$ cat entry_23.txt   # compact mmCIF, C-alpha atoms and all ligand atoms
# COMPACT_ATOMS: atom_id res chain seq x y z
CA MET A 1 13.01 -17.12 -22.01
CA ARG A 2 13.99 -17.14 -18.35
CA ILE A 3 11.96 -14.55 -16.46
CA GLY A 4 12.91 -13.22 -13.04
CA VAL A 5 10.13 -12.10 -10.68
CA LEU A 6 10.73 -9.75 -7.76
CA THR A 7 8.63 -8.03 -5.11
CA SER A 8 10.00 -4.80 -3.70
CA GLY A 9 9.01 -2.12 -1.17
CA GLY A 10 6.47 -2.66 1.61
CA ASP A 11 4.62 -5.97 1.43
CA CYS A 12 0.96 -6.06 0.47
CA PRO A 13 -1.78 -8.71 0.50
CA GLY A 14 -1.98 -10.14 -3.04
CA LEU A 15 1.72 -10.18 -3.92
CA ASN A 16 1.76 -13.98 -3.96
CA ALA A 17 -1.34 -14.06 -6.16
CA VAL A 18 0.49 -11.89 -8.74
CA ILE A 19 3.46 -14.27 -8.70
CA ARG A 20 1.14 -17.26 -9.08
CA GLY A 21 -0.80 -15.66 -11.96
CA ALA A 22 2.39 -14.82 -13.85
CA VAL A 23 4.00 -18.22 -13.33
CA LEU A 24 0.91 -20.28 -14.16
CA LYS A 25 0.09 -18.41 -17.35
CA GLY A 26 3.78 -18.12 -18.26
CA THR A 27 4.42 -21.84 -17.93
CA LYS A 28 1.06 -23.24 -19.12
CA ILE A 29 0.32 -20.90 -22.02
CA HIS A 30 3.67 -19.41 -23.02
CA ASN A 31 5.96 -22.28 -22.02
CA GLN A 32 8.48 -19.98 -20.29
CA GLU A 33 10.84 -20.59 -17.40
CA PHE A 34 10.85 -18.54 -14.17
CA ILE A 35 13.27 -17.76 -11.40
CA GLY A 36 12.39 -16.04 -8.13
CA ILE A 37 14.51 -13.03 -7.15
CA ARG A 38 14.74 -12.78 -3.37
CA ASP A 39 14.33 -9.60 -1.32
CA GLY A 40 13.43 -7.13 -4.05
CA TRP A 41 16.15 -5.16 -5.83
CA ARG A 42 18.68 -6.45 -3.29
CA GLY A 43 18.30 -9.87 -4.92
CA VAL A 44 18.97 -8.39 -8.35
CA VAL A 45 22.06 -6.55 -7.14
CA GLU A 46 23.44 -9.44 -5.08
CA GLY A 47 22.19 -12.30 -7.26
CA LEU A 48 19.90 -13.88 -4.63
CA THR A 49 17.47 -16.30 -6.25
CA MET A 50 15.11 -19.19 -5.53
CA PRO A 51 13.36 -21.73 -7.76
CA LEU A 52 9.96 -20.63 -9.07
CA ASP A 53 7.82 -23.05 -11.05
CA ARG A 54 4.24 -24.29 -11.31
CA HIS A 55 4.62 -26.42 -8.21
CA SER A 56 6.09 -23.70 -6.00
CA VAL A 57 3.09 -21.41 -6.61
CA ARG A 58 0.43 -23.97 -5.74
CA GLY A 59 -2.16 -22.61 -3.27
CA LEU A 60 -0.46 -19.22 -3.18
CA ALA A 61 -3.43 -16.97 -4.08
CA LYS A 62 -4.67 -16.80 -0.51
CA GLN A 63 -1.29 -16.48 1.20
CA GLY A 64 -0.36 -13.08 2.65
CA GLY A 65 3.09 -11.47 2.40
CA THR A 66 5.47 -12.51 -0.38
CA ILE A 67 7.24 -15.83 -0.73
CA LEU A 68 10.09 -13.98 -2.47
CA GLY A 69 10.77 -11.61 0.42
CA THR A 70 11.10 -7.88 -0.07
CA SER A 71 13.34 -4.93 0.78
CA ARG A 72 13.57 -1.23 0.16
CA THR A 73 16.99 -1.56 -1.52
CA ASN A 74 17.68 0.93 -4.30
CA PRO A 75 19.39 -0.90 -7.22
CA PHE A 76 21.37 2.24 -8.07
CA GLU A 77 23.11 2.36 -4.70
CA GLY A 78 26.05 0.40 -3.30
CA PRO A 79 29.18 -1.07 -4.94
CA HIS A 80 27.17 -3.58 -7.03
CA GLY A 81 24.35 -1.19 -7.98
CA GLY A 82 23.70 0.57 -11.29
CA PRO A 83 22.46 -0.69 -14.65
CA GLU A 84 25.73 -2.29 -15.85
CA ASN A 85 26.14 -4.32 -12.67
CA VAL A 86 22.48 -5.33 -12.65
CA GLN A 87 22.68 -6.42 -16.30
CA HIS A 88 25.88 -8.33 -15.50
CA THR A 89 24.15 -10.17 -12.62
CA MET A 90 21.14 -10.94 -14.82
CA ASP A 91 23.41 -12.32 -17.54
CA ARG A 92 25.29 -14.44 -15.01
CA LEU A 93 21.97 -15.89 -13.76
CA GLY A 94 20.68 -16.35 -17.31
CA ILE A 95 17.74 -14.00 -16.71
CA ASP A 96 16.33 -12.44 -19.90
CA ALA A 97 13.61 -10.23 -18.42
CA LEU A 98 12.18 -9.08 -15.11
CA ILE A 99 8.68 -8.64 -13.71
CA ALA A 100 8.99 -6.07 -10.91
CA ILE A 101 6.06 -5.88 -8.50
CA GLY A 102 6.14 -2.78 -6.34
CA GLY A 103 5.06 0.76 -5.60
CA GLU A 104 6.27 4.16 -6.71
CA GLY A 105 9.92 3.64 -5.64
CA THR A 106 10.14 0.21 -7.28
CA LEU A 107 8.63 1.43 -10.52
CA ALA A 108 10.88 4.51 -10.56
CA ALA A 109 13.93 2.24 -10.29
CA ALA A 110 12.47 -0.05 -12.96
CA LYS A 111 12.05 2.94 -15.27
CA ARG A 112 15.67 4.04 -14.86
CA LEU A 113 16.89 0.49 -15.50
CA THR A 114 14.65 0.15 -18.56
CA ASP A 115 15.93 3.49 -19.88
CA ALA A 116 19.41 1.96 -19.63
CA GLY A 117 18.31 -1.00 -21.78
CA LEU A 118 17.10 -3.63 -19.29
CA LYS A 119 13.96 -5.60 -20.07
CA ILE A 120 11.45 -4.95 -17.31
CA VAL A 121 7.66 -4.98 -16.95
CA GLY A 122 6.02 -3.56 -13.80
CA VAL A 123 3.02 -4.45 -11.67
CA PRO A 124 1.79 -1.67 -9.35
CA LYS A 125 1.35 -2.43 -5.67
CA THR A 126 0.23 -0.22 -2.80
CA ILE A 127 -2.33 -0.65 -0.04
CA ASP A 128 -2.58 3.16 0.00
CA ASN A 129 -4.20 3.14 -3.48
CA ASP A 130 -2.32 6.31 -4.32
CA LEU A 131 -0.97 5.54 -7.81
CA ASP A 132 -2.82 7.81 -10.20
CA ALA A 133 -2.38 5.59 -13.27
CA THR A 134 -4.47 2.72 -11.90
CA ASP A 135 -8.03 2.90 -10.60
CA TYR A 136 -7.39 0.43 -7.77
CA SER A 137 -4.28 -1.35 -6.59
CA PHE A 138 -4.46 -4.77 -4.96
CA GLY A 139 -4.01 -4.75 -1.18
CA PHE A 140 -6.24 -1.70 -0.77
CA ASP A 141 -9.47 -3.68 -0.52
CA THR A 142 -7.95 -6.00 2.09
CA ALA A 143 -6.61 -3.09 4.14
CA VAL A 144 -10.04 -1.41 4.07
CA GLU A 145 -11.73 -4.65 5.21
CA ILE A 146 -9.29 -5.05 8.11
CA ALA A 147 -9.63 -1.41 9.15
CA THR A 148 -13.44 -1.55 8.92
CA GLU A 149 -13.61 -4.63 11.10
CA ALA A 150 -11.29 -3.00 13.64
CA ILE A 151 -13.41 0.16 13.76
CA ASP A 152 -16.58 -1.94 14.22
CA ARG A 153 -14.91 -3.63 17.18
CA LEU A 154 -13.61 -0.38 18.65
CA ARG A 155 -17.11 1.06 18.43
CA THR A 156 -18.58 -1.51 20.83
CA THR A 157 -15.88 -0.99 23.45
CA GLY A 158 -16.16 2.80 22.95
CA GLU A 159 -19.93 2.70 23.39
CA SER A 160 -19.63 0.61 26.56
CA HIS A 161 -17.36 3.18 28.21
CA LYS A 162 -18.72 6.31 26.47
CA ARG A 163 -15.22 7.03 25.21
CA CYS A 164 -14.05 8.83 22.10
CA MET A 165 -12.12 6.31 19.98
CA VAL A 166 -9.46 7.68 17.65
CA ILE A 167 -8.32 5.10 15.10
CA GLU A 168 -5.22 5.69 13.00
CA VAL A 169 -5.02 3.87 9.66
CA MET A 170 -2.26 3.75 7.05
CA GLY A 171 -2.01 6.32 4.28
CA ARG A 172 1.19 8.28 4.23
CA HIS A 173 0.23 10.83 1.57
CA VAL A 174 -3.43 10.15 0.82
CA GLY A 175 -6.57 9.27 2.75
CA TRP A 176 -8.20 6.49 0.71
CA ILE A 177 -8.05 3.83 3.44
CA ALA A 178 -9.44 6.27 6.03
CA LEU A 179 -12.17 7.46 3.66
CA HIS A 180 -13.39 3.99 2.71
CA ALA A 181 -13.04 2.32 6.12
CA GLY A 182 -14.46 5.38 7.87
CA MET A 183 -17.50 5.50 5.58
CA ALA A 184 -18.04 1.74 5.82
CA ALA A 185 -17.89 1.75 9.62
CA GLY A 186 -19.91 4.96 10.08
CA ALA A 187 -17.15 7.16 11.55
CA HIS A 188 -18.22 10.51 13.02
CA ALA A 189 -15.16 12.21 11.48
CA ILE A 190 -12.57 11.19 8.91
CA LEU A 191 -9.27 13.07 8.87
CA ILE A 192 -7.03 12.76 5.81
CA PRO A 193 -3.83 14.45 4.61
CA GLU A 194 -5.63 16.16 1.71
CA GLN A 195 -8.13 17.98 3.96
CA PRO A 196 -6.93 20.27 6.76
CA GLN A 197 -9.21 20.37 9.80
CA SER A 198 -8.83 22.42 12.96
CA ILE A 199 -8.72 20.81 16.38
CA GLU A 200 -11.72 22.99 17.26
CA GLN A 201 -13.80 21.45 14.44
CA ILE A 202 -12.73 17.91 15.42
CA CYS A 203 -13.69 18.55 19.04
CA GLU A 204 -17.03 20.00 17.92
CA TRP A 205 -17.83 16.80 15.99
CA ALA A 206 -16.78 14.64 18.95
CA ASP A 207 -18.79 16.71 21.41
CA SER A 208 -22.00 16.72 19.35
CA VAL A 209 -21.85 12.91 19.13
CA TYR A 210 -21.16 12.63 22.86
CA GLN A 211 -24.04 14.97 23.71
CA ARG A 212 -26.37 12.56 21.87
CA GLY A 213 -25.18 9.86 24.26
CA ARG A 214 -22.94 8.13 21.71
CA ALA A 215 -19.23 7.29 21.63
CA PRO A 216 -17.43 9.40 18.98
CA ILE A 217 -15.47 7.44 16.36
CA ILE A 218 -12.71 9.40 14.65
CA VAL A 219 -10.71 7.79 11.85
CA VAL A 220 -7.43 9.46 10.94
CA SER A 221 -4.84 8.72 8.24
CA GLU A 222 -1.29 8.49 9.51
CA GLY A 223 -0.36 11.34 7.13
CA PHE A 224 -2.88 13.82 8.59
CA THR A 225 -1.32 16.73 10.46
CA LEU A 226 -2.73 19.49 12.58
CA ASP A 227 -1.01 22.76 11.73
CA THR A 228 -1.37 24.09 15.24
CA MET A 229 0.20 20.98 16.76
CA GLU A 230 2.85 20.33 14.13
CA THR A 231 5.77 20.39 16.54
CA ALA A 232 4.30 17.91 18.96
CA HIS A 233 3.36 15.60 16.10
CA SER A 234 6.69 15.66 14.31
CA GLU A 235 8.54 15.05 17.56
CA LYS A 236 6.41 11.99 18.11
CA GLY A 237 6.46 11.08 14.41
CA LEU A 238 10.13 10.08 14.16
CA ASP A 239 11.57 6.79 15.31
CA ALA A 240 15.01 6.15 16.80
CA PHE A 241 16.49 6.09 13.28
CA ASN A 242 14.91 9.45 12.45
CA ARG A 243 12.44 7.79 10.05
CA PRO A 244 8.74 8.61 10.05
CA ARG A 245 7.22 6.31 12.65
CA LEU A 246 3.85 4.64 12.27
CA GLY A 247 1.62 5.96 14.94
CA GLY A 248 1.79 9.48 16.14
CA ILE A 249 -1.17 11.54 15.08
CA ALA A 250 -3.76 9.40 16.94
CA ASP A 251 -1.55 9.53 20.03
CA VAL A 252 -1.56 13.30 19.76
CA LEU A 253 -5.25 13.71 18.90
CA ALA A 254 -6.84 11.52 21.57
CA PRO A 255 -5.36 13.33 24.62
CA GLU A 256 -5.98 16.70 22.97
CA ILE A 257 -9.66 15.87 22.40
CA GLU A 258 -9.91 14.66 26.00
CA ARG A 259 -8.20 17.82 27.33
CA ARG A 260 -10.45 20.15 25.35
CA THR A 261 -13.81 18.34 25.65
CA GLY A 262 -13.48 16.35 28.84
CA ILE A 263 -14.52 13.19 26.92
CA GLU A 264 -12.37 10.25 27.93
CA SER A 265 -10.48 9.29 24.76
CA ARG A 266 -8.35 6.40 23.52
CA ALA A 267 -6.03 6.03 20.54
CA THR A 268 -5.55 2.85 18.47
CA VAL A 269 -2.92 2.63 15.75
CA LEU A 270 -3.75 -0.23 13.37
CA GLY A 271 -0.33 -0.13 11.67
CA HIS A 272 0.93 -3.24 9.90
CA LEU A 273 -2.15 -5.29 10.81
CA GLN A 274 -3.58 -3.68 7.66
CA ARG A 275 -0.90 -5.30 5.50
CA GLY A 276 -0.77 -8.76 7.06
CA GLY A 277 -2.72 -11.94 6.48
CA VAL A 278 -4.89 -13.28 3.70
CA PRO A 279 -5.95 -11.02 0.81
CA SER A 280 -9.65 -10.40 0.17
CA ALA A 281 -11.30 -12.22 -2.74
CA TYR A 282 -11.31 -8.97 -4.76
CA ASP A 283 -7.56 -8.51 -4.25
CA ARG A 284 -6.83 -12.15 -5.12
CA VAL A 285 -8.66 -11.81 -8.41
CA LEU A 286 -7.15 -8.43 -9.29
CA ALA A 287 -3.63 -9.58 -8.36
CA THR A 288 -3.96 -12.83 -10.33
CA ARG A 289 -5.16 -10.94 -13.42
CA LEU A 290 -2.28 -8.46 -13.07
CA GLY A 291 0.24 -11.30 -12.92
CA MET A 292 -1.25 -12.89 -16.04
CA ALA A 293 -1.27 -9.56 -17.89
CA ALA A 294 2.36 -8.95 -16.88
CA ILE A 295 3.50 -12.17 -18.55
CA ASP A 296 1.57 -11.20 -21.69
CA SER A 297 3.49 -7.89 -21.68
CA VAL A 298 6.77 -9.74 -21.32
CA MET A 299 5.88 -11.97 -24.28
CA ALA A 300 4.96 -8.86 -26.31
CA GLY A 301 8.24 -7.15 -25.33
CA ASP A 302 6.42 -4.16 -23.82
CA TRP A 303 9.44 -3.13 -21.76
CA GLY A 304 9.12 -0.03 -19.62
CA THR A 305 5.40 -0.47 -19.08
CA MET A 306 3.21 -1.48 -16.17
CA ILE A 307 -0.27 -2.95 -16.01
CA ALA A 308 -3.02 -0.61 -14.85
CA LEU A 309 -6.67 -1.18 -14.00
CA ARG A 310 -9.05 1.18 -15.81
CA GLY A 311 -12.63 0.39 -14.91
CA THR A 312 -12.62 -3.39 -15.12
CA GLU A 313 -10.05 -3.60 -17.95
CA LEU A 314 -6.32 -4.09 -17.62
CA VAL A 315 -4.23 -1.84 -19.85
CA ASN A 316 -0.54 -1.19 -20.41
CA CYS A 317 0.86 2.20 -19.56
CA ARG A 318 4.39 3.52 -19.74
CA PHE A 319 6.28 4.00 -16.47
CA GLU A 320 6.55 7.75 -17.08
CA GLU A 321 2.74 7.98 -17.25
CA ALA A 322 2.43 6.15 -13.95
CA LEU A 323 5.13 7.87 -11.93
CA GLY A 324 5.09 11.08 -9.95
CA LYS A 325 1.32 11.51 -9.84
CA LEU A 326 -0.42 10.84 -6.56
CA LYS A 327 -4.07 9.84 -6.69
CA THR A 328 -5.51 12.01 -3.95
CA VAL A 329 -9.06 11.89 -2.58
CA PRO A 330 -11.10 14.35 -4.67
CA GLN A 331 -12.91 17.15 -2.88
CA GLU A 332 -16.35 15.81 -3.86
CA ARG A 333 -15.60 12.39 -2.37
CA TYR A 334 -14.61 14.00 0.93
CA ASP A 335 -17.61 16.35 0.93
CA GLU A 336 -19.89 13.38 0.35
CA ALA A 337 -18.41 11.54 3.35
CA ALA A 338 -18.47 14.70 5.49
CA ILE A 339 -22.30 14.89 5.23
CA LEU A 340 -22.25 11.97 7.68
CA PHE A 341 -19.82 13.56 10.22
CA GLY A 342 -20.73 14.70 13.74
O1 LIG B 401 3.05 2.55 1.36
C1 LIG B 401 2.45 1.55 2.09
C2 LIG B 401 2.64 1.74 3.57
O2 LIG B 401 1.98 0.70 4.23
C3 LIG B 401 2.18 3.11 4.08
O3 LIG B 401 0.79 3.17 4.29
C4 LIG B 401 2.99 3.23 5.35
O4 LIG B 401 3.23 4.57 5.67
C5 LIG B 401 4.29 2.56 5.00
O5 LIG B 401 4.01 1.68 3.93
C6 LIG B 401 4.93 1.82 6.15
O6 LIG B 401 6.18 1.38 5.76
P1 LIG B 401 7.06 0.36 6.61
O7 LIG B 401 6.45 -1.00 6.49
O8 LIG B 401 8.40 0.42 5.97
O9 LIG B 401 7.05 0.83 8.02
$ encode --input "entry_23.txt" --output "structure tokens"
Amino acid sequence: MRIGVLTSGGDCPGLNAVIRGAVLKGTKIHNQEFIGIRDGWRGVVEGLTMPLDRHSVRGLAKQGGTILGTSRTNPFEGPHGGPENVQHTMDRLGIDALIAIGGEGTLAAAKRLTDAGLKIVGVPKTIDNDLDATDYSFGFDTAVEIATEAIDRLRTTGESHKRCMVIEVMGRHVGWIALHAGMAAGAHAILIPEQPQSIEQICEWADSVYQRGRAPIIVVSEGFTLDTMETAHSEKGLDAFNRPRLGGIADVLAPEIERRTGIESRATVLGHLQRGGVPSAYDRVLATRLGMAAIDSVMAGDWGTMIALRGTELVNCRFEEALGKLKTVPQERYDEAAILFG
């Protein structure tokens, strides 16, 4: 069999380790041939490929980003999109099956293509850790490590100046990165999309910390909004192309805290730093195992499924089970963290 591998959607530390795991097990154990699809679904639609063999994946486990490139192309759009065209391109390139590594959007496209008869196995990817079907997704641990280290560093500069430091982390719909990094770094407040908080409560936490002679540390997910300040936030939250812009809520919160409490405040948006660079050891191992499990699924012909982590085991689940369900931070996890606020 000739197996195409693609990475699609936002990049994520560990993507290369998945590719390596799949190729090494696929060539060494199953004696299969691979081809790299460049730039996500765009490569499938336009037939963009690169060689992918045992030698090209050497030393890849620790390398950030994706050697295959990625894009947010939808394979159903454009003149060459749609299942018939994609199948035609795969036939032309002699590709029998695909391993698609990506998040919700990638897996949704993979499901539609599989429903139309294409042979695809998925590997879930998101630093946000918001796919309900899998306990943890690779990239999350690395993002939490990076955010924790950044908060530790911001604490020392905050303490020196007695400033309130507001740190914005990624997490469009859910607050897992904020919760874990905030707990690890001892934040005085953690603000996440799942849990509304008033500006009055946030200022109260900041002020009580400041009154003890400390510098308040407030960690906020990019997806957190303040109802009362929605207009200001959404105005700031769109970029020149009218897309949601990274950064925004911390830039709104810090001056508002300063205005209301008189505590000098600074905003830091960590942004794509959380997605760049080497994956953590945990993510390398998880990603490698996912890649190896994906090739086993291909060999078993488990089309329309993705690999999920349940506890420490990897299991197969159907795309429909995995899609459309966000894994939000449960109330009890937030309440537990909130004991430490203020
Ligand atoms: O879904 C992962 C993620 O990193 C989100 O946390 C963030 O909102 C988004 O991707 C950023 O996307 P882009 O790289 O396209 O700006």
$ closest_residue --input "entry_23.txt" --among "A:Arg92, A:His188, A:Arg260, A:Arg72" --to "ligand LIG 401 (chain B)" --atoms "all atoms listed in the file"
A:Arg72
$ closest_residue --input "entry_23.txt" --among "A:Ala133, A:Leu191, A:Val219, A:Leu286" --to "Asp152 in chain A" --atoms "all atoms listed in the file"
A:Val219
$ atom_distance --input "entry_23.txt" --atom1 "CA of Ala150 in chain A" --atom2 "CA of Ala189 in chain A"
15.8 Å
$ closest_residue --input "entry_23.txt" --among "A:His173, A:Arg289, A:Lys28, A:Arg155" --to "ligand LIG 401 (chain B)" --atoms "all atoms listed in the file"
A:His173
$ residues_near_ligand --input "entry_23.txt" --ligand "ligand LIG 401 (chain B)" --cutoff "8 Å" --atoms "only C-alpha atoms and all ligand atoms" --output "ChimeraX atom specification"
/A:9-12,72,103,126-128,169-172,222-223,245-246,271-272,274-275
$ write_last_selection --input "entry_23.txt" --atoms "C-alpha atoms" --output "compact mmCIF listing (two decimals), keeping the file's coordinate frame"
# COMPACT_ATOMS: atom_id res chain seq x y z
CA GLY A 9 9.01 -2.12 -1.17
CA GLY A 10 6.47 -2.66 1.61
CA ASP A 11 4.62 -5.97 1.43
CA CYS A 12 0.96 -6.06 0.47
CA ARG A 72 13.57 -1.23 0.16
CA GLY A 103 5.06 0.76 -5.60
CA THR A 126 0.23 -0.22 -2.80
CA ILE A 127 -2.33 -0.65 -0.04
CA ASP A 128 -2.58 3.16 0.00
CA VAL A 169 -5.02 3.87 9.66
CA MET A 170 -2.26 3.75 7.05
CA GLY A 171 -2.01 6.32 4.28
CA ARG A 172 1.19 8.28 4.23
CA GLU A 222 -1.29 8.49 9.51
CA GLY A 223 -0.36 11.34 7.13
CA ARG A 245 7.22 6.31 12.65
CA LEU A 246 3.85 4.64 12.27
CA GLY A 271 -0.33 -0.13 11.67
CA HIS A 272 0.93 -3.24 9.90
CA GLN A 274 -3.58 -3.68 7.66
CA ARG A 275 -0.90 -5.30 5.50
$ residues_around --input "entry_23.txt" --residues "Ile101 in chain A" --least-positions-apart "5" --cutoff "12 Å" --atoms "all atoms listed in the file" --output "PyMOL selection string"
chain A and resi 4-12+14-19+22+36-37+39-41+66+68-71+106-110+120-126+137-138+287+290-291+294+305-307
$ residues_around --input "entry_23.txt" --residues "range 250-256 of chain A" --least-positions-apart "5" --cutoff "9 Å" --atoms "all atoms listed in the file" --output "PDB file with C-alpha atoms, keeping the file's coordinate frame"
ATOM      1  CA  CYS A 164     -14.050   8.830  22.100  1.00  0.00           C
ATOM      2  CA  MET A 165     -12.120   6.310  19.980  1.00  0.00           C
ATOM      3  CA  VAL A 166      -9.460   7.680  17.650  1.00  0.00           C
ATOM      4  CA  ILE A 167      -8.320   5.100  15.100  1.00  0.00           C
ATOM      5  CA  GLU A 168      -5.220   5.690  13.000  1.00  0.00           C
ATOM      6  CA  ILE A 199      -8.720  20.810  16.380  1.00  0.00           C
ATOM      7  CA  CYS A 203     -13.690  18.550  19.040  1.00  0.00           C
ATOM      8  CA  VAL A 219     -10.710   7.790  11.850  1.00  0.00           C
ATOM      9  CA  VAL A 220      -7.430   9.460  10.940  1.00  0.00           C
ATOM     10  CA  SER A 221      -4.840   8.720   8.240  1.00  0.00           C
ATOM     11  CA  GLU A 222      -1.290   8.490   9.510  1.00  0.00           C
ATOM     12  CA  LEU A 226      -2.730  19.490  12.580  1.00  0.00           C
ATOM     13  CA  MET A 229       0.200  20.980  16.760  1.00  0.00           C
ATOM     14  CA  ALA A 232       4.300  17.910  18.960  1.00  0.00           C
ATOM     15  CA  HIS A 233       3.360  15.600  16.100  1.00  0.00           C
ATOM     16  CA  LYS A 236       6.410  11.990  18.110  1.00  0.00           C
ATOM     17  CA  THR A 261     -13.810  18.340  25.650  1.00  0.00           C
ATOM     18  CA  GLU A 264     -12.370  10.250  27.930  1.00  0.00           C
ATOM     19  CA  SER A 265     -10.480   9.290  24.760  1.00  0.00           C
ATOM     20  CA  ARG A 266      -8.350   6.400  23.520  1.00  0.00           C
ATOM     21  CA  ALA A 267      -6.030   6.030  20.540  1.00  0.00           C
ATOM     22  CA  THR A 268      -5.550   2.850  18.470  1.00  0.00           C
ATOM     23  CA  VAL A 269      -2.920   2.630  15.750  1.00  0.00           C
TER      24      VAL A 269
END
$ residues_around --input "entry_23.txt" --residues "Lys162 in chain A" --least-positions-apart "6" --cutoff "9 Å" --atoms "all atoms listed in the file" --output "PyMOL selection string"
chain A and resi 210+213-216+263-265
$ closest_residue --input "entry_23.txt" --among "A:Glu194, A:Ala100, A:Ala185, A:Asp130" --to "Thr156 in chain A" --atoms "only C-alpha atoms"
A:Ala185
$ atom_distance --input "entry_23.txt" --atom1 "CA of Asp141 in chain A" --atom2 "CA of Thr73 in chain A"
26.6 Å
$ residues_around --input "entry_23.txt" --residues "Ala281 in chain A" --least-positions-apart "2" --cutoff "12 Å" --atoms "all atoms listed in the file" --output "PyMOL selection string"
chain A and resi 13-14+17+61-63+138-142+145+278-279+283-288
$ atom_distance --input "entry_23.txt" --atom1 "CA of Ile192 in chain A" --atom2 "CA of Arg333 in chain A"
11.9 Å
$ build_atoms --input "entry_23.txt" --residues "range 26-40 of chain A" --atoms "N, CA and C atoms" --output "compact mmCIF listing (two decimals), keeping the file's coordinate frame"
# COMPACT_ATOMS: atom_id res chain seq x y z
N GLY A 26 2.49 -18.08 -17.56
CA GLY A 26 3.78 -18.12 -18.26
C GLY A 26 4.24 -19.52 -18.58
N THR A 27 3.97 -20.46 -17.67
CA THR A 27 4.42 -21.84 -17.93
C THR A 27 3.39 -22.59 -18.78
N LYS A 28 2.09 -22.43 -18.42
CA LYS A 28 1.06 -23.24 -19.12
C LYS A 28 0.80 -22.76 -20.53
N ILE A 29 0.71 -21.44 -20.70
CA ILE A 29 0.32 -20.90 -22.02
C ILE A 29 1.54 -20.54 -22.86
N HIS A 30 2.55 -19.91 -22.21
CA HIS A 30 3.67 -19.41 -23.02
C HIS A 30 4.91 -20.30 -22.95
N ASN A 31 4.86 -21.33 -22.10
CA ASN A 31 5.96 -22.28 -22.02
C ASN A 31 7.30 -21.63 -21.65
N GLN A 32 7.26 -20.69 -20.69
CA GLN A 32 8.48 -19.98 -20.29
C GLN A 32 8.98 -20.51 -18.94
N GLU A 33 10.22 -20.14 -18.65
CA GLU A 33 10.84 -20.59 -17.40
C GLU A 33 10.94 -19.38 -16.45
N PHE A 34 10.80 -19.65 -15.16
CA PHE A 34 10.85 -18.54 -14.17
C PHE A 34 11.95 -18.78 -13.15
N ILE A 35 12.37 -17.67 -12.55
CA ILE A 35 13.27 -17.76 -11.40
C ILE A 35 12.83 -16.68 -10.41
N GLY A 36 12.79 -17.02 -9.14
CA GLY A 36 12.39 -16.04 -8.13
C GLY A 36 13.60 -15.22 -7.70
N ILE A 37 13.43 -13.90 -7.64
CA ILE A 37 14.51 -13.03 -7.15
C ILE A 37 14.15 -12.71 -5.70
N ARG A 38 15.05 -12.97 -4.78
CA ARG A 38 14.74 -12.78 -3.37
C ARG A 38 14.99 -11.34 -2.92
N ASP A 39 14.14 -10.89 -2.02
CA ASP A 39 14.33 -9.60 -1.32
C ASP A 39 14.42 -8.39 -2.24
N GLY A 40 13.55 -8.33 -3.21
CA GLY A 40 13.43 -7.13 -4.05
C GLY A 40 14.68 -6.84 -4.85
